[in-house]
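As structure tokens, the structure follows; a few thoughts come after it.
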Amino acid sequence: MSLIDGVGGAFVFSEDPKRLADWYAEHLGIQFEGSEEFGAFYMRYVAADPDDPAWVMDTPFAIMKAKRPVPRMTRNEGVEQGDMYGDQPFMVNLRVRDLDKLLAHLAERGVEPLRRDDEGYAVFAWILDGEGNRVELYQPRVEAALSAAQV
């Protein structure tokens with residue numbers, strides 16, 4: 001029996017949470033609740049538990065005020081070796097329905113992907129947000145998800 005039901009949330013710490021929340025709203029269309037007065041900007045993603053539809057789970061994505069300066073990466077740090085994982089304190093993975101459409105939208109706003117990969121079961125791309133945090137964009141393939149669910 002698993003003691004974990006899912007990811008409880010993703011929290012990005014920023015020296016200027018409003019500016020970063022505005023970047024996510026402009027570039028990725030995330031409409032945050034909260035305010036500077038509240039101390040965080042957040043969006044809740046809600047899903048029903050497949051084993052108990054009466055149990056609703058939410059996963060917040062929040063941008064919160066940092067208590068001290070946060071080290072930032074340059075565009076190419078860690079990317080030269082081709083490894084997108086393990087070289088920064090955190091990374092947010094955002095699931096998307098149409099990666100090509102989102103990347104075209106971002107390109108119109110001057111945001112180019114660091115890298116793009118096709119892993120068969122899903123396609124991925126990585127971008128830097130408005131403060132230089134690497135963000136993973138993930139589009140699962142429906143047929144791969146269906147076959148995994150049948151196992």
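All residue names refer to the structure tokens as shown: chains lettered A, B, ... in order, residues numbered from 1 in each chain, ligands numbered from 1 in order.
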
### Message
With only C-alpha atoms as the counted atoms, please give the residues lying no more than 7 Å from Val135 (chain A), apart from itself and same-chain residues fewer than 5 positions off, as a VMD selection string.
### Response
chain A and resid 91 to 93 126 to 129

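A straight line drawn from CA of Val46 (chain A) to CA of Gly130 (chain A) is 25.7 Å long.
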
### Query
Could you name the residues that touch Ala21 (chain A) at 8 Å or less, counting only C-alpha atoms, but leaving out those on the same chain fewer than 2 positions away, as an MDAnalysis selection string?
chainID A and resid 17:19 23:25 32 41 63

#### Entry: Filtered DSSP result for region 20-104 of chain A, state strand (DSSP E), as a VMD selection string
chain A and resid 33 to 35 40 to 49 52 to 65 92 to 95

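Between Pro69 (chain A) and the candidates A:Glu131, A:Ala47, A:Glu26, A:Ala107, the tightest atom-to-atom separation, counting only C-alpha atoms, involves A:Glu131.
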
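For Gly9 (chain A), the non-local neighbours within 7 Å, defined as residues at least 3 positions apart in the same chain or in other chains and counting only C-alpha atoms, are Thr59, Pro60 and Phe61 of chain A.
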
### Message
Please list as JSON, numbers by chain every residue within 8 Å of Val123 (chain A), counting only C-alpha atoms and excluding residues in the same chain fewer than 4 positions away.
### Response
{"A": [99, 116, 117, 118, 119, 138, 139, 140, 141]}

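For the pair CA of Ala62 (chain A) and CA of Glu136 (chain A), the interatomic distance is 15.9 Å.
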
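The smallest atom-to-atom distance between Asp16 (chain A) and any of A:Arg44, A:Gly39, A:Asp49, A:Lys65, using only C-alpha atoms, is found for A:Lys65.
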
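Checking A:Glu37, A:His27, A:Asp52, A:Ala66 one by one against Glu112 (chain A), counting only C-alpha atoms, you find the shortest gap at A:His27.
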
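Between Val111 (chain A) and the residues A:Pro53, A:Arg97, A:Gly132, A:Phe90, the shortest atom-to-atom distance, using only C-alpha atoms, involves A:Gly132.
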
Leu28 (chain A): which residues within 9 Å, counting only C-alpha atoms, same-chain residues fewer than 5 positions away excluded, as a PDB file with N, CA, C and O atoms, in the first residue's frame?
ATOM      1  N   TRP A  23       4.774  36.607 -15.459  1.00  0.00           N
ATOM      2  CA  TRP A  23       5.459  35.928 -16.568  1.00  0.00           C
ATOM      3  C   TRP A  23       4.727  34.627 -16.913  1.00  0.00           C
ATOM      4  O   TRP A  23       4.460  34.341 -18.075  1.00  0.00           O
ATOM      5  N   LEU A 102       1.966  25.045 -27.858  1.00  0.00           N
ATOM      6  CA  LEU A 102       2.523  25.848 -26.766  1.00  0.00           C
ATOM      7  C   LEU A 102       3.887  26.410 -27.147  1.00  0.00           C
ATOM      8  O   LEU A 102       4.170  27.586 -26.891  1.00  0.00           O
ATOM      9  N   HIS A 105       3.436  29.323 -29.410  1.00  0.00           N
ATOM     10  CA  HIS A 105       2.961  30.451 -28.599  1.00  0.00           C
ATOM     11  C   HIS A 105       4.132  31.111 -27.863  1.00  0.00           C
ATOM     12  O   HIS A 105       4.266  32.335 -27.845  1.00  0.00           O
ATOM     13  N   LEU A 106       4.992  30.291 -27.272  1.00  0.00           N
ATOM     14  CA  LEU A 106       6.148  30.820 -26.542  1.00  0.00           C
ATOM     15  C   LEU A 106       7.135  31.506 -27.490  1.00  0.00           C
ATOM     16  O   LEU A 106       7.687  32.559 -27.167  1.00  0.00           O
TER      17      LEU A 106
END

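Put simply, CA of Arg109 (chain A) is 13.5 Å away from CA of Asp22 (chain A).
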
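Nearest-residue note for Pro71 (chain A): choosing from A:Arg95, A:Asn133, A:Ala48, A:Val142, the minimum distance belongs to A:Asn133, counting only C-alpha atoms.
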